[in-house]
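Notes follow the structure.
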Amino acid sequence: MIEAAMIWNEPNNKSHWDPELDPDWSRFATMAILAADAIGRENPAITKVLGGISPIDAGFMSRMKEFGVLDHVDAVAVHGFPLDWNLWQIHEWPHKLGEIATVADIPVWVSEVGVSTFGAEEVQVWGLRRTAELLLGLAPRVQWYSLYDLPRSWEATTRHREAEGSSYYRHFYMGLLREDGTPKPALEEFVRHTPQMGLVQWFHYEDHRLDDAVAWMERLGVTHLRTGLSWADSFRPNALDWFDRQMEALADFNVTVTFCFTPEHRGLQSHHTSPPQIPEEFAEFCAAMIRRYAPAIGDNMATTQRVSAAW
């Protein structure tokens, strides 16, 4: 079931939101407020989470507070990869959470944390163990990124490729499972921390790994999963058939569903990181997905669900 809706992904990272089109994040703030309110109208029980920020930046969170975004969500989230990309050390995790908590005054989730096996698989084992020691019990949600390595034939969703240099290739080695589905040594360590530690797994449109992923997560004792439903994908042929299949397969997990990615024809520019031309359209997409997959149940309607099959 869907327990939480996350509004966008890494809005302060140019791989997911174009800072040249929205240099002060005012467009993002407007869109986030509209989306949060639309989700809340459909189902007030759904936890509304501001998209996980990367880098972890108290200044960005202060800006969101100034725009009033934090008044419309129930939690905020952060993403951290200190052994791969961040310019801080892994033992600084409690301090980084504290910086955001001081600004936000609402729960701070760690909705993505991970360690690549780009250099050595043993590094991931140690990093996972140390992450668990530092974060479990400190943050209400800790979700490990990710179950699978990214297939090498795919392209990582990043606009930093040239700047990252060889670190770009770390994107392809973040999984507990290799691309061919065989387990890495860290998988055994991960099992020691479920169900308290959750997982992040993005499923691409008509992703061939969906059924195997569900089987693995059940075997590992995962109860909390973060994934996404792409606004851009909603314009593909038979998109709802794929969304239905994905959400049905994940029905036994407590799912945080992330809504993000602008359809190219609906952005200020033709790119998934662009602010939308009409922010209400993103809010309508969020509302439609909640209405379809997490409909509210009225106080006197214990067995009646409001499901829209026409969207």
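Residue numbering restarts at 1 for every chain of the structure tokens, chains are lettered A, B, ... in their displayed order, and ligands are numbered from 1 as they appear.
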
**Prompt:** Among region 71-269 of chain A, which ones does DSSP place in strand (DSSP E), written as a PyMOL selection string?
**Reply:** chain A and resi 76-80+108-113+142-145+198-200+224-230+254-260

**Message:** Need to verify the contact set: Val108 (chain A), 6 Å, only C-alpha atoms, exclusion of same-chain residues closer than 4 positions in sequence. Can you return it as a count of residues only?
**Reply:** 3

**Top pick for closest residue to Leu128 (chain A), considering A:Leu177, A:Ile297, A:Ala186, A:Leu220 and counting only C-alpha atoms** =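 Using only C-alpha atoms, Leu128 (chain A) sits closest to A:Ala186.
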
List every residue of region 245-277 of chain A that has an atom at most 8 Å from any atom of region 7-29 of chain A, and for each one report the closest atom pair and its distance in Å to one decimal, counting only C-alpha atoms, with rows sorted by chain and then by increasing residue number, as JSON lines.
{"residue": "A:Thr258", "atom": "CA", "partner": "A:Ile7", "partner_atom": "CA", "distance": 6.1}
{"residue": "A:Phe259", "atom": "CA", "partner": "A:Trp8", "partner_atom": "CA", "distance": 5.3}
{"residue": "A:Cys260", "atom": "CA", "partner": "A:Trp8", "partner_atom": "CA", "distance": 4.4}
{"residue": "A:Phe261", "atom": "CA", "partner": "A:His16", "partner_atom": "CA", "distance": 7.5}
{"residue": "A:Leu268", "atom": "CA", "partner": "A:Leu21", "partner_atom": "CA", "distance": 7.9}
{"residue": "A:His272", "atom": "CA", "partner": "A:His16", "partner_atom": "CA", "distance": 7.4}
{"residue": "A:Thr273", "atom": "CA", "partner": "A:Trp17", "partner_atom": "CA", "distance": 4.4}
{"residue": "A:Ser274", "atom": "CA", "partner": "A:Asp18", "partner_atom": "CA", "distance": 5.6}
{"residue": "A:Pro275", "atom": "CA", "partner": "A:Arg27", "partner_atom": "CA", "distance": 6.8}

**Asked** Which residue gives the smallest distance to Met31 (chain A) among A:Thr182, A:Gln269, A:Gln246, A:Thr262, with only C-alpha atoms counted?
**Response**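 Using only C-alpha atoms, Met31 (chain A) sits closest to A:Thr262.
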
**Request:** Going by DSSP on the backbone, which bits of region 23-267 of chain A are helix (DSSP H, G or I)? Write them as a PyMOL selection string, please.
**Result:** chain A and resi 26-42+58-66+69-71+90-104+121-135+161-173+186-191+210-220+233-235+239-249+264-266
